[in-house]
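K.L.:
For reference, the structure I am asking about is given below.
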Amino acid sequence: MPSAPAESGKVNGGNLSKAIQAVRGMNDVLPDQTPYWQQIEGAVRHILAAYGYSEIRMPVVERTELFARSIGEVTDIVEKEMYTFEDRNGDSLTLRPEGTAGCVRAGIENGLLYNQVQRLWYLGPMFRHERPQKGRYRQFHQIGAEVFGLEGPDVDAELILMTGRLWRQLGIADLVELQINSLGTAAARAVYRDRLVEYLKAHHAALDEDSRRRLETNPLRILDSKNPDMQPIIGRAPLLIDHLDPESRAHFDRLVAVLEAAGLRYTLNPRLVRGLDYYGRTVFEWVTDALGAQGTVCAGGRYDGLVEHLGGRATPAVGFAMGLERLVALMESTERARPADVAPHAYLALLGDSVQQDGLLLAERLRDRVPGLRLLTHCGGGGLKAQLKRADRSGASLALLLGGDEAARGEVGLKHLRANRDQESLGEDALCRRLAALVDGSAAGH
Ligand code: ATP
Ligand code: MG
């Protein structure tokens with residue numbers, strides 16, 4: 001029903017109050033978009049269950065030091081993107097910018113990791129104070145998966161194959177490309193780091209300000225620079241993949257062998273270093289060129305040192321996180337990924353005051369008897385024409401008509417909204433059979 005004229009201003013003492021807006025970079029997901037989200041979440045639940053993963057739910061807020069210690073002090077996230085605030089009792093807390101740190105914290109704290117294999121996944125909002133733009137928000141959502149207690153590379157391969165299955169299921173497999181690399185062990189990275197610093201110092205004049213700073217603190221991160229001016233220097237830098245320790249090399253070769261045997265195409269990107277400190281050996285990203293600059297939809301890798309670093313016993317681990325906003329955008333870009341229809345199957349029009357109560361009870365019985373039926377009951381009265389207009393707008397394929405005459409005969413009128421067919425009149429049993437066939441048909445269509 002149309003709402004009363006806006007009177008909200010009067011509530012505040014007669015002034016027209018200005019509507020309050022959402023925080024910049026934090027978006028509502030509106031009803032026309034939620035089918036995409038549900039499609040992704042449904043497929044993920046299904047596929048992760050098929051690989052034996054269990055869901056874990058962590059708090060959105062953690063102690064600031066958890067992120068500083070795990071992600072690394074000299075990273076974009078910790079240096080400038082965290083939503084950090086002081087609790088009323090003076091503790092420094094942070095809205096989580098990613099899920100791995102909290103997942104490891106929860107695993108250690110609850111004794112899930114020691115001497116066990118765990119395959120875990122989570123879904124939820126993450127917060128980073130970045131410059132909002134298409135594909136980059138301040139509240140965004142990730143689905144993450146983390147495996148603890150397995151050294152790989154078998155499980156690294158399984159994890160990547162699982163994400164490949166998800167893209168196929170969602171209809172976006174032809175829009176994404178897998179890039180992989182190995183970061184080796186910490187010792188191998190230390191040797192490489194010296195070589196890299198030597199090279200970069202020889203080109204000091206051409207480095208941008210960020211990179212000069214990183215030269216002292218975190219030179220590998222320079223390879224991750226998005227600055228176009230930096231690309232020629234980065235392009236000629238020595239490659240970490242050429243400095244791998246023998247075990248990491250063998251680990252990587254075995255991973256690649258599985259991917260090839262499975263027919264999963266990949267690109268070796270020797271400059272893929274990931275923006276977080278905790279990675280070693282396997283790293284990978286699924287990237288797309290269908291979304292402009294924000295092209296990474298899923299990213300992950302191995303982080304064998306993190307559990308111990310956060311106070312647990314040494315535990316190998318590997319995981320990934322995917323950004324839901326970017327996945328939704330990718331799905332919207334292709335007809336093939338259109339979500340299943342969620343329009344009602346039928347719209348029940350109620351004609352006259354005398355059938356209002358009967359109509360509601362009829363609708364209850366139909367939902368009892370026809371599993372999966374999506375039935376919208378007209379509420380709020382009005383004439384036949386207005387109600388049929390609503391029925392049409394709802395997207396339903398059938399309008400059910402209940403007036404005083406039909407009620408007296410124990411029948412319901414049935415009008416086909418999407419087909420040129422005569423109106424019918426059916427008893428309740430026949431109506432249920434007809435609706436069941438409609439539900440089956442629409443389920444089979446997807
Ligand atoms: P980018 O290089 O795009 O900043 P990142 O390396 O910071 O990504 P991760 O921390 O690896 O991203 O997060 C995994 C995924 O989460 C990304 O691949 C992306 O899909 C998504 N993501 C990260 N930051 C944002 C953001 N601010 N808004 C929307 N999605 C994001
Ligand atoms: Mg980032």
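Ligands are numbered from 1 in the order shown, chains are lettered A, B, ... in the order of the structure tokens, and residues start at 1 in each chain.
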Tell me which protein, DNA and RNA residues are within 12 Å of segment 59-73 of chain A, counting only C-alpha atoms, leaving out same-chain ones fewer than 3 positions away, and put them as number ranges by chain.
P.N.:
A: 56, 76-87, 90-106, 122-127, 139, 141, 214, 217-218, 221, 274-279, 303, 305-311
K.L.:
Contacts of Leu435 of chain A at 9 Å or less, counting only C-alpha atoms, minus same-chain residues fewer than 6 places along, as a PyMOL selection string?
P.N.:
chain A and resi 345-346+366+370+373
K.L.:
Could you save those same residues with C-alpha atoms as a PDB file, in the first residue's frame?
P.N.:
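After the write, again-v4.pdb holds the following:
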```
ATOM      1  CA  HIS A 345       4.891 -19.692  -8.937  1.00  0.00           C
ATOM      2  CA  ALA A 346       1.431 -18.355  -8.206  1.00  0.00           C
ATOM      3  CA  LEU A 366      -1.466 -25.220  -0.524  1.00  0.00           C
ATOM      4  CA  VAL A 370       2.898 -28.610  -2.405  1.00  0.00           C
ATOM      5  CA  LEU A 373       5.657 -23.866  -3.796  1.00  0.00           C
TER       6      LEU A 373
END
```
K.L.:
Interatomic distance between atom CA of Leu388 of chain A and atom CA of Ala408 of chain A?
P.N.:
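Here the two named atoms are 21.6 Å from each other.
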K.L.:
Just asking: which residues within segment 43-244 of chain A are strand (DSSP E) according to DSSP, as a PyMOL selection string?
P.N.:
chain A and resi 54-55+61-63+83-86+92-95+118-127+139-148+177-182
K.L.:
Give the answer as one residue: which of A:Glu151, A:Asp429, A:Asp156, A:Glu364 has the shortest atom-to-atom distance to Val283 of chain A, using only C-alpha atoms?
P.N.:
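Ranked by minimum distance to Val283 of chain A, first place goes to A:Asp156.
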K.L.:
Contacts of Trp167 of chain A at 12 Å or less, counting only C-alpha atoms, minus same-chain residues fewer than 4 places along, as an MDAnalysis selection string?
P.N.:
chainID A and resid 39:40 43:44 47 160:163 171:178 264 286:288 297:298 322 327:328 330:331 336:337
K.L.:
Could you find all residues in segment 35-100 of chain A that DSSP calls alpha helix (DSSP H) from the backbone, and write them as a list in words?
P.N.:
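Selecting the alpha helix (DSSP H) positions of segment 35-100 of chain A gives Pro35, Tyr36, Trp37, Gln38, Gln39, Ile40, Glu41, Gly42, Ala43, Val44, Arg45, His46, Ile47, Leu48, Ala49, Ala50, Thr64, Glu65, Leu66, Phe67, Ala68, Arg69, Ser70, Ile71, Asp76 and Thr100 of chain A.
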K.L.:
Export, as a PDB file, in the first residue's frame, the selected residues with N, CA and C atoms.
P.N.:
```pdb
ATOM      1  N   PRO A  35      19.806 -12.557  -5.116  1.00  0.00           N
ATOM      2  CA  PRO A  35      19.845 -13.880  -5.767  1.00  0.00           C
ATOM      3  C   PRO A  35      21.256 -14.290  -6.201  1.00  0.00           C
ATOM      4  N   TYR A  36      22.063 -13.331  -6.644  1.00  0.00           N
ATOM      5  CA  TYR A  36      23.446 -13.658  -7.008  1.00  0.00           C
ATOM      6  C   TYR A  36      24.231 -14.121  -5.780  1.00  0.00           C
ATOM      7  N   TRP A  37      24.067 -13.396  -4.696  1.00  0.00           N
ATOM      8  CA  TRP A  37      24.775 -13.757  -3.459  1.00  0.00           C
ATOM      9  C   TRP A  37      24.356 -15.150  -3.000  1.00  0.00           C
ATOM     10  N   GLN A  38      23.045 -15.396  -3.055  1.00  0.00           N
ATOM     11  CA  GLN A  38      22.559 -16.698  -2.604  1.00  0.00           C
ATOM     12  C   GLN A  38      23.055 -17.818  -3.509  1.00  0.00           C
ATOM     13  N   GLN A  39      23.136 -17.509  -4.788  1.00  0.00           N
ATOM     14  CA  GLN A  39      23.644 -18.493  -5.735  1.00  0.00           C
ATOM     15  C   GLN A  39      25.086 -18.869  -5.385  1.00  0.00           C
ATOM     16  N   ILE A  40      25.908 -17.869  -5.126  1.00  0.00           N
ATOM     17  CA  ILE A  40      27.305 -18.133  -4.763  1.00  0.00           C
ATOM     18  C   ILE A  40      27.368 -18.896  -3.448  1.00  0.00           C
ATOM     19  N   GLU A  41      26.648 -18.391  -2.441  1.00  0.00           N
ATOM     20  CA  GLU A  41      26.716 -19.026  -1.123  1.00  0.00           C
ATOM     21  C   GLU A  41      26.226 -20.465  -1.190  1.00  0.00           C
ATOM     22  N   GLY A  42      25.161 -20.704  -1.951  1.00  0.00           N
ATOM     23  CA  GLY A  42      24.632 -22.062  -2.081  1.00  0.00           C
ATOM     24  C   GLY A  42      25.642 -22.989  -2.743  1.00  0.00           C
ATOM     25  N   ALA A  43      26.244 -22.512  -3.832  1.00  0.00           N
ATOM     26  CA  ALA A  43      27.226 -23.344  -4.546  1.00  0.00           C
ATOM     27  C   ALA A  43      28.429 -23.621  -3.659  1.00  0.00           C
ATOM     28  N   VAL A  44      28.870 -22.613  -2.921  1.00  0.00           N
ATOM     29  CA  VAL A  44      30.035 -22.786  -2.046  1.00  0.00           C
ATOM     30  C   VAL A  44      29.735 -23.798  -0.940  1.00  0.00           C
ATOM     31  N   ARG A  45      28.585 -23.658  -0.299  1.00  0.00           N
ATOM     32  CA  ARG A  45      28.219 -24.618   0.753  1.00  0.00           C
ATOM     33  C   ARG A  45      28.229 -26.043   0.212  1.00  0.00           C
ATOM     34  N   HIS A  46      27.643 -26.200  -0.946  1.00  0.00           N
ATOM     35  CA  HIS A  46      27.518 -27.491  -1.579  1.00  0.00           C
ATOM     36  C   HIS A  46      28.894 -28.079  -1.906  1.00  0.00           C
ATOM     37  N   ILE A  47      29.722 -27.271  -2.549  1.00  0.00           N
ATOM     38  CA  ILE A  47      31.027 -27.767  -2.999  1.00  0.00           C
ATOM     39  C   ILE A  47      31.961 -27.996  -1.823  1.00  0.00           C
ATOM     40  N   LEU A  48      31.969 -27.088  -0.859  1.00  0.00           N
ATOM     41  CA  LEU A  48      32.863 -27.291   0.284  1.00  0.00           C
ATOM     42  C   LEU A  48      32.469 -28.530   1.066  1.00  0.00           C
ATOM     43  N   ALA A  49      31.171 -28.789   1.150  1.00  0.00           N
ATOM     44  CA  ALA A  49      30.732 -30.017   1.823  1.00  0.00           C
ATOM     45  C   ALA A  49      31.227 -31.241   1.055  1.00  0.00           C
ATOM     46  N   ALA A  50      31.247 -31.125  -0.270  1.00  0.00           N
ATOM     47  CA  ALA A  50      31.678 -32.256  -1.098  1.00  0.00           C
ATOM     48  C   ALA A  50      33.168 -32.559  -0.919  1.00  0.00           C
ATOM     49  N   THR A  64      43.761  -5.794  17.990  1.00  0.00           N
ATOM     50  CA  THR A  64      44.565  -5.211  16.910  1.00  0.00           C
ATOM     51  C   THR A  64      45.871  -5.975  16.703  1.00  0.00           C
ATOM     52  N   GLU A  65      46.497  -6.396  17.789  1.00  0.00           N
ATOM     53  CA  GLU A  65      47.815  -7.038  17.685  1.00  0.00           C
ATOM     54  C   GLU A  65      47.740  -8.338  16.893  1.00  0.00           C
ATOM     55  N   LEU A  66      46.572  -8.980  16.852  1.00  0.00           N
ATOM     56  CA  LEU A  66      46.450 -10.212  16.064  1.00  0.00           C
ATOM     57  C   LEU A  66      46.769  -9.934  14.595  1.00  0.00           C
ATOM     58  N   PHE A  67      46.234  -8.853  14.066  1.00  0.00           N
ATOM     59  CA  PHE A  67      46.457  -8.538  12.650  1.00  0.00           C
ATOM     60  C   PHE A  67      47.860  -7.988  12.430  1.00  0.00           C
ATOM     61  N   ALA A  68      48.326  -7.155  13.359  1.00  0.00           N
ATOM     62  CA  ALA A  68      49.672  -6.600  13.212  1.00  0.00           C
ATOM     63  C   ALA A  68      50.683  -7.735  13.170  1.00  0.00           C
ATOM     64  N   ARG A  69      50.488  -8.744  14.029  1.00  0.00           N
ATOM     65  CA  ARG A  69      51.449  -9.829  14.117  1.00  0.00           C
ATOM     66  C   ARG A  69      51.340 -10.800  12.948  1.00  0.00           C
ATOM     67  N   SER A  70      50.143 -11.042  12.445  1.00  0.00           N
ATOM     68  CA  SER A  70      49.989 -12.064  11.405  1.00  0.00           C
ATOM     69  C   SER A  70      50.148 -11.485   9.997  1.00  0.00           C
ATOM     70  N   ILE A  71      49.419 -10.438   9.687  1.00  0.00           N
ATOM     71  CA  ILE A  71      49.460  -9.887   8.336  1.00  0.00           C
ATOM     72  C   ILE A  71      50.805  -9.208   8.084  1.00  0.00           C
ATOM     73  N   ASP A  76      50.154  -3.042   3.268  1.00  0.00           N
ATOM     74  CA  ASP A  76      49.129  -2.025   3.037  1.00  0.00           C
ATOM     75  C   ASP A  76      48.044  -2.111   4.098  1.00  0.00           C
ATOM     76  N   THR A 100      41.841 -15.021   7.773  1.00  0.00           N
ATOM     77  CA  THR A 100      42.806 -16.055   8.147  1.00  0.00           C
ATOM     78  C   THR A 100      43.312 -15.888   9.581  1.00  0.00           C
TER      79      THR A 100
END
```
K.L.:
A:Ser354, A:Thr315, A:Gln387, A:Asn27: which is nearest ligand 1, counting only C-alpha atoms and all ligand atoms?
P.N.:
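Looking at the shortest contact to ligand 1, the residue is A:Asn27.
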K.L.:
Here is a test: counting only C-alpha atoms, which residue of A:Ala186, A:Ala202, A:Cys432, A:Ala290 is nearest to Leu240 of chain A?
P.N.:
A:Ala186
K.L.:
Compare A:Tyr199, A:Tyr51, A:Phe140, A:Tyr114 by their minimum atom-to-atom distance to ligand 2, counting only C-alpha atoms and all ligand atoms, and give me the closest one.
P.N.:
A:Phe140
K.L.:
Using only C-alpha atoms, which of A:Ala314, A:Ala19, A:Gln179, A:Ala257 sits nearest Gln116 of chain A?
P.N.:
A:Ala314
K.L.:
Find the residue from A:Met230, A:Leu112, A:Leu30, A:Ala443 that sits nearest to Asp341 of chain A; use only C-alpha atoms when measuring.
P.N.:
A:Ala443
